[in-house]
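Trainee: Below you'll find coords-v7.cif; it's mmCIF, C-alpha atoms and all ligand atoms.
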```cif
data_start
loop_
_atom_site.group_PDB
_atom_site.id
_atom_site.type_symbol
_atom_site.label_atom_id
_atom_site.label_comp_id
_atom_site.auth_asym_id
_atom_site.auth_seq_id
_atom_site.Cartn_x
_atom_site.Cartn_y
_atom_site.Cartn_z
ATOM 1 C CA MET N 37 57.874 192.987 8.904
ATOM 2 C CA THR N 38 56.640 193.226 12.503
ATOM 3 C CA ASP N 39 55.786 196.569 14.074
ATOM 4 C CA ASN N 40 59.352 197.359 15.047
ATOM 5 C CA HIS N 41 61.244 200.429 16.008
ATOM 6 C CA SER N 42 64.751 200.892 14.758
ATOM 7 C CA THR N 43 67.477 203.285 15.748
ATOM 8 C CA HIS N 44 66.521 205.193 12.605
ATOM 9 C CA SER N 45 62.823 205.553 13.452
ATOM 10 C CA ALA N 46 62.022 209.225 12.872
ATOM 11 C CA GLU N 47 59.045 211.485 13.470
ATOM 12 C CA ASP N 48 56.906 211.786 10.302
ATOM 13 C CA ASP N 49 57.499 215.145 8.650
ATOM 14 C CA ILE N 50 55.372 216.084 5.640
ATOM 15 C CA ARG N 51 58.014 218.588 4.497
ATOM 16 C CA ASN N 52 60.036 215.576 3.330
ATOM 17 C CA ARG N 53 57.495 214.973 0.553
ATOM 18 C CA ASP N 54 58.828 218.004 -1.284
ATOM 19 C CA ILE N 55 62.547 218.028 -0.581
ATOM 20 C CA GLN N 56 65.124 218.953 -3.196
ATOM 21 C CA ILE N 57 67.813 216.350 -3.837
ATOM 22 C CA TYR N 58 71.293 217.083 -5.142
ATOM 23 C CA ILE N 59 72.544 215.006 -8.073
ATOM 24 C CA ASN N 60 75.894 216.012 -9.573
ATOM 25 C CA GLY N 61 75.373 219.746 -9.157
ATOM 26 C CA GLU N 62 71.640 219.808 -9.926
ATOM 27 C CA LEU N 63 68.854 220.179 -7.380
ATOM 28 C CA LEU N 64 65.711 218.248 -8.186
ATOM 29 C CA HIS N 65 62.384 217.573 -6.492
ATOM 30 C CA ARG N 66 62.539 214.113 -4.907
ATOM 31 C CA ASN N 67 60.064 212.737 -7.455
ATOM 32 C CA ASP N 68 62.351 213.816 -10.291
ATOM 33 C CA ALA N 69 65.645 212.859 -8.623
ATOM 34 C CA LYS N 70 66.689 209.812 -10.631
ATOM 35 C CA ILE N 71 69.935 208.195 -11.632
ATOM 36 C CA SER N 72 70.769 205.760 -14.392
ATOM 37 C CA VAL N 73 70.136 202.041 -14.003
ATOM 38 C CA TYR N 74 73.715 201.733 -15.279
ATOM 39 C CA ASP N 75 75.043 203.534 -12.203
ATOM 40 C CA SER N 76 77.639 201.394 -10.443
ATOM 41 C CA GLY N 77 76.009 202.109 -7.080
ATOM 42 C CA PHE N 78 72.696 200.676 -8.265
ATOM 43 C CA MET N 79 74.194 197.862 -10.297
ATOM 44 C CA LEU N 80 76.912 196.636 -7.909
ATOM 45 C CA GLY N 81 76.727 198.510 -4.642
ATOM 46 C CA ASP N 82 79.983 200.116 -5.797
ATOM 47 C CA GLY N 83 79.926 203.380 -3.894
ATOM 48 C CA MET N 84 80.446 204.927 -0.443
ATOM 49 C CA TRP N 85 78.191 207.025 1.741
ATOM 50 C CA GLU N 86 78.134 209.075 4.915
ATOM 51 C CA GLY N 87 75.255 209.834 7.267
ATOM 52 C CA MET N 88 75.625 213.267 8.865
ATOM 53 C CA ARG N 89 73.468 215.376 11.108
ATOM 54 C CA LEU N 90 72.752 219.089 10.914
ATOM 55 C CA TYR N 91 72.567 221.001 14.183
ATOM 56 C CA ASN N 92 71.911 224.742 14.023
ATOM 57 C CA GLY N 93 73.130 225.039 10.450
ATOM 58 C CA LYS N 94 76.329 223.031 10.949
ATOM 59 C CA TRP N 95 77.273 219.437 10.210
ATOM 60 C CA ALA N 96 78.427 217.782 13.422
ATOM 61 C CA PHE N 97 81.917 216.247 13.170
ATOM 62 C CA PHE N 98 82.167 217.132 9.474
ATOM 63 C CA ASP N 99 85.961 216.582 9.401
ATOM 64 C CA GLU N 100 85.678 213.091 10.885
ATOM 65 C CA HIS N 101 82.992 212.121 8.352
ATOM 66 C CA MET N 102 85.114 213.459 5.512
ATOM 67 C CA ASP N 103 88.172 211.584 6.835
ATOM 68 C CA ARG N 104 86.216 208.332 6.608
ATOM 69 C CA LEU N 105 84.626 209.089 3.226
ATOM 70 C CA PHE N 106 87.840 210.183 1.531
ATOM 71 C CA ALA N 107 89.800 207.260 3.037
ATOM 72 C CA SER N 108 87.220 204.717 1.814
ATOM 73 C CA CYS N 109 87.041 206.237 -1.655
ATOM 74 C CA LYS N 110 90.820 206.363 -1.925
ATOM 75 C CA ALA N 111 91.072 202.707 -0.917
ATOM 76 C CA VAL N 112 88.741 201.588 -3.702
ATOM 77 C CA GLY N 113 89.883 204.112 -6.299
ATOM 78 C CA ILE N 114 86.756 206.286 -6.442
ATOM 79 C CA ASP N 115 87.657 209.881 -7.248
ATOM 80 C CA ILE N 116 84.983 212.053 -5.625
ATOM 81 C CA GLY N 117 85.896 214.833 -8.040
ATOM 82 C CA LEU N 118 85.618 217.453 -5.274
ATOM 83 C CA ASP N 119 87.742 218.386 -2.298
ATOM 84 C CA ARG N 120 86.218 218.717 1.205
ATOM 85 C CA LYS N 121 85.313 222.336 0.583
ATOM 86 C CA GLY N 122 83.542 221.279 -2.621
ATOM 87 C CA VAL N 123 81.586 218.620 -0.732
ATOM 88 C CA LEU N 124 80.661 221.166 1.948
ATOM 89 C CA ASP N 125 79.507 223.634 -0.728
ATOM 90 C CA ALA N 126 77.280 220.945 -2.276
ATOM 91 C CA LEU N 127 75.820 220.183 1.167
ATOM 92 C CA THR N 128 75.247 223.894 1.831
ATOM 93 C CA ARG N 129 73.437 224.357 -1.489
ATOM 94 C CA THR N 130 71.169 221.421 -0.641
ATOM 95 C CA VAL N 131 70.500 222.730 2.877
ATOM 96 C CA GLU N 132 69.649 226.171 1.494
ATOM 97 C CA ALA N 133 67.388 224.775 -1.236
ATOM 98 C CA ASN N 134 65.437 223.019 1.508
ATOM 99 C CA ALA N 135 65.530 225.872 4.057
ATOM 100 C CA MET N 136 66.854 223.526 6.712
ATOM 101 C CA VAL N 137 68.542 224.587 9.936
ATOM 102 C CA THR N 138 68.440 221.806 12.465
ATOM 103 C CA ASP N 139 67.097 218.279 12.998
ATOM 104 C CA ALA N 140 68.067 217.333 9.476
ATOM 105 C CA HIS N 141 69.918 214.174 8.479
ATOM 106 C CA CYS N 142 71.853 213.690 5.313
ATOM 107 C CA ARG N 143 72.828 210.665 3.290
ATOM 108 C CA LEU N 144 75.693 211.705 1.063
ATOM 109 C CA MET N 145 76.464 209.080 -1.542
ATOM 110 C CA VAL N 146 79.253 208.825 -4.050
ATOM 111 C CA THR N 147 79.464 206.036 -6.584
ATOM 112 C CA ARG N 148 81.970 205.110 -9.271
ATOM 113 C CA GLY N 149 79.474 206.496 -11.783
ATOM 114 C CA ILE N 150 77.619 205.275 -14.823
ATOM 115 C CA LYS N 151 78.853 202.193 -16.642
ATOM 116 C CA ASP N 152 79.044 201.598 -20.387
ATOM 117 C CA LYS N 153 77.874 198.025 -19.973
ATOM 118 C CA PRO N 154 76.092 196.089 -17.236
ATOM 119 C CA PHE N 155 79.228 194.327 -15.993
ATOM 120 C CA GLN N 156 81.479 194.541 -12.991
ATOM 121 C CA HIS N 157 84.826 195.932 -14.172
ATOM 122 C CA PRO N 158 85.466 199.379 -12.617
ATOM 123 C CA GLN N 159 86.874 200.638 -15.907
ATOM 124 C CA LEU N 160 83.404 200.335 -17.401
ATOM 125 C CA SER N 161 82.422 203.362 -15.282
ATOM 126 C CA THR N 162 83.483 206.095 -17.671
ATOM 127 C CA THR N 163 81.432 209.153 -16.720
ATOM 128 C CA GLY N 164 83.126 210.096 -13.455
ATOM 129 C CA PRO N 165 81.475 209.783 -10.055
ATOM 130 C CA THR N 166 77.806 210.199 -9.196
ATOM 131 C CA LEU N 167 77.308 212.398 -6.135
ATOM 132 C CA VAL N 168 73.872 212.360 -4.530
ATOM 133 C CA ILE N 169 72.831 214.231 -1.401
ATOM 134 C CA ILE N 170 69.525 213.454 0.263
ATOM 135 C CA ILE N 171 68.767 215.587 3.319
ATOM 136 C CA GLU N 172 65.561 214.977 5.220
ATOM 137 C CA HIS N 173 63.936 216.753 8.134
ATOM 138 C CA SER N 174 64.521 214.037 10.651
ATOM 139 C CA LYS N 175 64.283 213.640 14.404
ATOM 140 C CA PRO N 176 64.534 210.348 16.307
ATOM 141 C CA VAL N 177 61.215 209.314 17.861
ATOM 142 C CA ASP N 178 61.101 210.120 21.591
ATOM 143 C CA SER N 179 59.695 206.692 22.450
ATOM 144 C CA LEU N 180 63.079 205.119 21.662
ATOM 145 C CA GLN N 181 64.650 206.813 24.669
ATOM 146 C CA ALA N 182 61.831 205.792 26.998
ATOM 147 C CA ARG N 183 61.329 202.292 25.659
ATOM 148 C CA GLY N 184 64.795 201.311 24.480
ATOM 149 C CA ILE N 185 65.630 199.019 21.606
ATOM 150 C CA ARG N 186 65.199 195.223 21.517
ATOM 151 C CA LEU N 187 68.099 193.264 20.074
ATOM 152 C CA ALA N 188 68.337 189.677 18.924
ATOM 153 C CA THR N 189 71.648 187.951 18.330
ATOM 154 C CA VAL N 190 71.636 186.918 14.691
ATOM 155 C CA PRO N 191 73.426 184.129 12.762
ATOM 156 C CA GLN N 192 74.870 186.646 10.274
ATOM 157 C CA VAL N 193 78.351 187.669 11.529
ATOM 158 C CA ARG N 194 80.706 190.527 10.760
ATOM 159 C CA GLY N 195 83.337 189.568 8.223
ATOM 160 C CA LEU N 196 87.090 189.542 8.274
ATOM 161 C CA PRO N 197 88.725 192.625 6.773
ATOM 162 C CA MET N 198 90.086 190.620 3.847
ATOM 163 C CA SER N 199 86.593 189.794 2.638
ATOM 164 C CA GLN N 200 84.641 193.048 2.732
ATOM 165 C CA ASP N 201 86.110 195.248 5.425
ATOM 166 C CA ALA N 202 83.300 196.431 7.713
ATOM 167 C CA LYS N 203 84.990 199.837 7.756
ATOM 168 C CA TYR N 204 83.788 200.531 4.231
ATOM 169 C CA ASN N 205 80.524 202.435 4.489
ATOM 170 C CA SER N 206 79.732 200.991 1.099
ATOM 171 C CA HIS N 207 76.476 201.084 -0.794
ATOM 172 C CA SER N 208 76.360 197.331 -0.450
ATOM 173 C CA LYS N 209 74.995 196.759 3.040
ATOM 174 C CA LEU N 210 73.691 193.283 2.284
ATOM 175 C CA ASN N 211 75.531 191.773 5.242
ATOM 176 C CA CYS N 212 73.746 194.235 7.524
ATOM 177 C CA VAL N 213 70.407 193.919 5.724
ATOM 178 C CA ILE N 214 70.452 190.134 6.196
ATOM 179 C CA ALA N 215 71.231 190.637 9.889
ATOM 180 C CA CYS N 216 68.374 193.129 10.163
ATOM 181 C CA MET N 217 65.932 190.655 8.581
ATOM 182 C CA GLN N 218 67.063 187.912 10.921
ATOM 183 C CA ALA N 219 66.449 190.206 13.900
ATOM 184 C CA ASP N 220 63.021 191.072 12.561
ATOM 185 C CA GLN N 221 62.178 187.393 12.177
ATOM 186 C CA ALA N 222 63.194 186.921 15.805
ATOM 187 C CA GLY N 223 60.778 189.691 16.804
ATOM 188 C CA ALA N 224 63.494 192.215 17.647
ATOM 189 C CA ASP N 225 64.224 195.721 16.367
ATOM 190 C CA GLU N 226 67.848 195.328 15.422
ATOM 191 C CA GLY N 227 70.382 192.492 15.073
ATOM 192 C CA LEU N 228 73.298 192.043 17.467
ATOM 193 C CA MET N 229 76.160 190.686 15.384
ATOM 194 C CA LEU N 230 79.083 188.624 16.602
ATOM 195 C CA ASP N 231 82.586 188.660 15.141
ATOM 196 C CA PRO N 232 84.089 185.618 13.381
ATOM 197 C CA HIS N 233 85.368 184.350 16.774
ATOM 198 C CA GLY N 234 81.998 184.612 18.506
ATOM 199 C CA PHE N 235 82.674 187.785 20.493
ATOM 200 C CA VAL N 236 80.005 190.473 20.640
ATOM 201 C CA ASN N 237 80.722 193.041 17.986
ATOM 202 C CA THR N 238 78.104 195.502 16.748
ATOM 203 C CA THR N 239 74.553 195.783 15.444
ATOM 204 C CA ASN N 240 73.450 195.864 11.834
ATOM 205 C CA ALA N 241 73.201 199.678 11.854
ATOM 206 C CA CYS N 242 74.991 200.982 14.952
ATOM 207 C CA ASN N 243 77.919 200.354 17.253
ATOM 208 C CA PHE N 244 77.290 198.566 20.533
ATOM 209 C CA PHE N 245 78.405 199.272 24.120
ATOM 210 C CA ILE N 246 77.724 197.688 27.485
ATOM 211 C CA VAL N 247 78.211 199.035 31.001
ATOM 212 C CA ARG N 248 79.342 196.683 33.761
ATOM 213 C CA HIS N 249 80.170 197.769 37.309
ATOM 214 C CA GLY N 250 80.879 201.344 36.259
ATOM 215 C CA GLU N 251 83.005 200.319 33.272
ATOM 216 C CA VAL N 252 82.128 200.967 29.644
ATOM 217 C CA TRP N 253 82.962 198.144 27.237
ATOM 218 C CA THR N 254 82.852 197.972 23.490
ATOM 219 C CA SER N 255 84.395 195.625 20.941
ATOM 220 C CA THR N 256 88.012 195.940 19.864
ATOM 221 C CA GLY N 257 86.716 197.667 16.741
ATOM 222 C CA ASP N 258 88.324 195.080 14.485
ATOM 223 C CA TYR N 259 85.151 193.984 12.685
ATOM 224 C CA CYS N 260 82.786 196.926 13.003
ATOM 225 C CA MET N 261 82.192 200.246 11.333
ATOM 226 C CA ASN N 262 84.648 202.802 12.681
ATOM 227 C CA GLY N 263 81.706 204.872 13.859
ATOM 228 C CA VAL N 264 82.284 208.549 14.470
ATOM 229 C CA THR N 265 79.889 208.417 17.437
ATOM 230 C CA ARG N 266 81.602 205.290 18.795
ATOM 231 C CA GLN N 267 84.953 207.088 18.827
ATOM 232 C CA LYS N 268 83.445 210.196 20.434
ATOM 233 C CA VAL N 269 81.983 208.097 23.251
ATOM 234 C CA ILE N 270 85.337 206.384 23.833
ATOM 235 C CA ASP N 271 87.099 209.785 23.825
ATOM 236 C CA LEU N 272 84.521 211.253 26.205
ATOM 237 C CA CYS N 273 85.007 208.368 28.646
ATOM 238 C CA ARG N 274 88.768 208.876 28.561
ATOM 239 C CA ALA N 275 88.459 212.645 29.052
ATOM 240 C CA ASN N 276 86.079 212.235 31.986
ATOM 241 C CA ASP N 277 87.836 209.450 33.896
ATOM 242 C CA ILE N 278 85.178 206.880 33.031
ATOM 243 C CA PRO N 279 86.905 203.495 32.685
ATOM 244 C CA VAL N 280 86.486 202.399 29.064
ATOM 245 C CA PHE N 281 87.704 199.179 27.464
ATOM 246 C CA THR N 282 87.808 198.166 23.805
ATOM 247 C CA LYS N 283 88.002 194.414 24.243
ATOM 248 C CA ASN N 284 86.656 191.007 23.368
ATOM 249 C CA TYR N 285 83.666 189.946 25.446
ATOM 250 C CA SER N 286 80.976 187.337 25.117
ATOM 251 C CA LEU N 287 77.205 187.143 25.187
ATOM 252 C CA MET N 288 77.423 185.746 28.701
ATOM 253 C CA GLU N 289 78.890 189.023 29.972
ATOM 254 C CA THR N 290 76.510 190.998 27.791
ATOM 255 C CA TYR N 291 73.287 189.514 29.157
ATOM 256 C CA SER N 292 74.259 190.465 32.716
ATOM 257 C CA ALA N 293 75.342 194.023 31.827
ATOM 258 C CA ASP N 294 73.958 196.853 33.952
ATOM 259 C CA GLU N 295 73.255 198.899 30.824
ATOM 260 C CA ALA N 296 73.700 198.625 27.081
ATOM 261 C CA PHE N 297 73.402 201.275 24.399
ATOM 262 C CA LEU N 298 73.948 201.799 20.691
ATOM 263 C CA THR N 299 75.773 204.646 19.030
ATOM 264 C CA GLY N 300 75.246 206.261 15.656
ATOM 265 C CA THR N 301 75.089 209.708 14.115
ATOM 266 C CA PHE N 302 71.294 209.702 13.877
ATOM 267 C CA GLY N 303 70.286 208.431 17.299
ATOM 268 C CA ALA N 304 73.434 209.467 19.233
ATOM 269 C CA GLN N 305 73.117 207.001 22.142
ATOM 270 C CA THR N 306 70.070 204.732 22.119
ATOM 271 C CA PRO N 307 69.394 202.584 25.189
ATOM 272 C CA VAL N 308 69.000 198.827 24.763
ATOM 273 C CA ALA N 309 66.037 197.376 26.672
ATOM 274 C CA GLU N 310 66.528 193.686 25.993
ATOM 275 C CA ILE N 311 68.752 191.206 24.213
ATOM 276 C CA ASP N 312 67.433 187.802 23.129
ATOM 277 C CA GLY N 313 64.408 188.292 25.386
ATOM 278 C CA LYS N 314 66.535 189.052 28.467
ATOM 279 C CA SER N 315 66.014 192.491 29.942
ATOM 280 C CA ILE N 316 69.081 194.646 30.426
ATOM 281 C CA GLY N 317 69.413 196.804 33.512
ATOM 282 C CA GLU N 318 66.860 197.563 36.159
ATOM 283 C CA HIS N 319 64.896 200.403 34.574
ATOM 284 C CA ALA N 320 63.281 201.113 31.247
ATOM 285 C CA GLY N 321 65.152 203.638 29.126
ATOM 286 C CA ALA N 322 68.673 204.944 29.565
ATOM 287 C CA GLY N 323 70.554 203.943 32.701
ATOM 288 C CA PRO N 324 72.723 206.372 34.693
ATOM 289 C CA MET N 325 75.943 205.847 32.683
ATOM 290 C CA THR N 326 74.107 206.104 29.367
ATOM 291 C CA GLN N 327 72.465 209.310 30.563
ATOM 292 C CA ARG N 328 75.789 210.724 31.645
ATOM 293 C CA LEU N 329 77.338 209.944 28.265
ATOM 294 C CA GLN N 330 74.320 211.414 26.470
ATOM 295 C CA GLY N 331 74.861 214.672 28.364
ATOM 296 C CA LEU N 332 78.578 214.733 27.608
ATOM 297 C CA TYR N 333 77.931 213.973 23.928
ATOM 298 C CA LYS N 334 75.340 216.747 23.667
ATOM 299 C CA ALA N 335 77.833 219.216 25.118
ATOM 300 C CA LEU N 336 80.498 217.983 22.688
ATOM 301 C CA ILE N 337 78.191 218.594 19.734
ATOM 302 C CA GLU N 338 77.447 222.097 20.963
ATOM 303 C CA GLU N 339 81.194 222.736 21.184
ATOM 304 C CA ASN N 340 81.746 221.229 17.701
ATOM 305 C CA ILE N 341 79.096 223.348 15.953
ATOM 306 C CA SER N 342 79.822 226.647 17.719
HETATM 307 C C1 LIG B 401 76.987 199.285 10.258
HETATM 308 C C2 LIG B 401 77.125 200.614 10.909
HETATM 309 N N1 LIG B 401 77.563 200.668 12.185
HETATM 310 C C3 LIG B 401 77.670 201.847 12.823
HETATM 311 C C4 LIG B 401 77.361 203.043 12.215
HETATM 312 C C5 LIG B 401 77.456 204.310 12.995
HETATM 313 O O1 LIG B 401 78.475 205.146 12.565
HETATM 314 P P1 LIG B 401 78.465 206.691 12.924
HETATM 315 O O2 LIG B 401 78.594 206.804 14.390
HETATM 316 O O3 LIG B 401 79.657 207.225 12.195
HETATM 317 O O4 LIG B 401 77.186 207.255 12.425
HETATM 318 C C6 LIG B 401 76.934 203.031 10.884
HETATM 319 C C7 LIG B 401 76.646 204.290 10.202
HETATM 320 O O5 LIG B 401 76.805 204.458 9.020
HETATM 321 C C8 LIG B 401 76.812 201.783 10.212
HETATM 322 O O6 LIG B 401 76.407 201.723 8.936
#
```
Could you render the structure as structure tokens?
Ligand SMILES: Cc1ncc(COP(=O)(O)O)c(C=O)c1O

Mentor:
Amino acid sequence: MTDNHSTHSAEDDIRNRDIQIYINGELLHRNDAKISVYDSGFMLGDGMWEGMRLYNGKWAFFDEHMDRLFASCKAVGIDIGLDRKGVLDALTRTVEANAMVTDAHCRLMVTRGIKDKPFQHPQLSTTGPTLVIIIEHSKPVDSLQARGIRLATVPQVRGLPMSQDAKYNSHSKLNCVIACMQADQAGADEGLMLDPHGFVNTTNACNFFIVRHGEVWTSTGDYCMNGVTRQKVIDLCRANDIPVFTKNYSLMETYSADEAFLTGTFGAQTPVAEIDGKSIGEHAGAGPMTQRLQGLYKALIEENIS
């Protein structure tokens, strides 16, 4: 791999070497936190996950993350075995075991559980779900804001919802991993993915926005992850009289955008510096609209966690 940044590049934190990880009610040092090779998540990618961020002891937009997790699990018949309060209690235990307060990021994973045999049928998972919570001390590197991210349009596209709906935050991210590798091979940090019709859709790990003549554009949402941060940015635009459009648009309109940025729970809004070797906007780092939205989003988080 080349020396790339990604929207998940974080400051090194040696405390992460000794974190406690939650597995089905037990807290274990990361070196001892192991699950069976028969687990359906490992064997088939048959599981769902959420990435959430802790600010001052609270999970930002917890309800929205739980809405997505419970909806995905219901759709594929995974019984989490806990209600939302139970999930929150498990998160709280993990936070307390690690003495974390802020700048922590969690990957909460639930799989269909351990299988009797190494085959695909869901009924072979007989133990009940596996719930794993990894929380790391994690802060996006500052250089991402100053430098911005480099995107390359990749051949791997987002699929139609009747193949594997992009709205499943499933353990199997192979579609995105392939896109990420293609971007890396092109010398970029992250892959810009088109939809099956050739319109600009999303990146392999984040949602994608452009700004043109004071308007904020993002895809229709038909083929991308229904990102919590994406929706918050759209809502913030609407609440603050910023013209926002969820629409089809092409690479041609993207290359000449005034600004472009990515959204995701970890990095919030990350400016895009260039796409396919073409620089975006006039200045390095976040442009004026991106900065405005970053400020509004920060205030929204403060409101959400208070
Ligand atoms: C492919 C993809 N796009 C976008 C996102 C961002 O979603 P959110 O804003 O909910 O973190 C994620 C996060 O899981 C993702 O996996």

Trainee: List the residues matched by the PyMOL selection byres (((chain N and resi 156-158) around 10) and not hetatm) in the displayed structure as an MDAnalysis selection string, ordered by chain and then by residue number.

Mentor: chainID N and resid 76 79:80 82 112:114 148:149 151 153:155 159:162

Trainee: Which protein, DNA or RNA residues are at most 9 Å from (78.6, 206.6, 3.0) in the file's coordinates when you count only C-alpha atoms, listed as a PyMOL selection string?

Mentor: chain N and resi 83-87+101+104-105+108+143-146+204-207

Trainee: For the provided coordinates, the residues matched by the PyMOL selection byres (((not hetatm)) within 7 of (chain B and resi 401)) should be stated as a count of residues only.

Mentor: 21

Trainee: Find the residues around range 214-218 of chain N up to 10 Å (all atoms listed in the file counted), leave out those fewer than 4 positions away in its own chain, and share them as JSON, numbers by chain.

Mentor: {"N": [37, 42, 187, 188, 189, 190, 191, 192, 193, 194, 209, 210, 222, 223, 224, 225, 226, 227, 228, 229, 239, 240, 241]}

Trainee: Could you tell me how far CA of Glu295 in chain N sits from CA of Gly323 in chain N, in Å to one decimal place?

Mentor: 6.0 Å

Trainee: Skipping near chain neighbours, those fewer than 2 positions away, what residues fall within 10 Å of Trp95 in chain N using all atoms listed in the file, listed as a ChimeraX atom specification?

Mentor: /N:88-93,97-99,101,124,127-128,138,140-142,337,340-341

Trainee: Could you check which residues have any atom within 10 Å of (60.3, 218.7, -0.1), counting all atoms listed in the file with coordinates taken straight from the file, and then list them as a list in words?

Mentor: Asp49, Ile50, Arg51, Asn52, Arg53, Asp54, Ile55, Gln56, Ile57, Leu64, His65, Arg66, Asn67, Ala133, Asn134, Ala135, Ile171, Glu172 and His173 of chain N

Trainee: List the spatial neighbours of Ile59 in chain N as a ChimeraX atom specification - criterion: any atom at most 7 Å away, only C-alpha atoms, same-chain residues fewer than 4 positions off excluded.

Mentor: /N:63,167-169

Trainee: For the PyMOL selection byres (((chain N and resi 290) around 12) and not hetatm), applied here, can you spell out every residue it catches as a VMD selection string?

Mentor: chain N and resid 187 189 228 230 235 to 237 244 to 248 252 to 255 284 to 289 291 to 297 308 310 to 312 314 to 317

Trainee: For Ala320 in chain N, which residue among N:Arg274, N:Lys283, N:Arg183, N:His249 is the nearest when counting only C-alpha atoms?

Mentor: N:Arg183

Trainee: In Å to one decimal, how far is CA of Gln267 in chain N from CA of Thr282 in chain N?

Mentor: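 Taking CA of Thr282 in chain N as the start and CA of Gln267 in chain N as the end point, the length is 10.6 Å.
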
Trainee: Quick one: pull the distance between CA of Phe106 in chain N and CA of Val131 in chain N, Å, one decimal.

Mentor: 21.4 Å

Trainee: So for range 49-63 of chain N, what box centre and size do we get, axis-aligned, 4 Å extra on each of the six sides, every listed atom, Å to one decimal, as JSON?

Mentor:
```
{"center_x": 65.6, "center_y": 217.6, "center_z": -0.6, "size_x": 28.5, "size_y": 13.2, "size_z": 26.6}
```
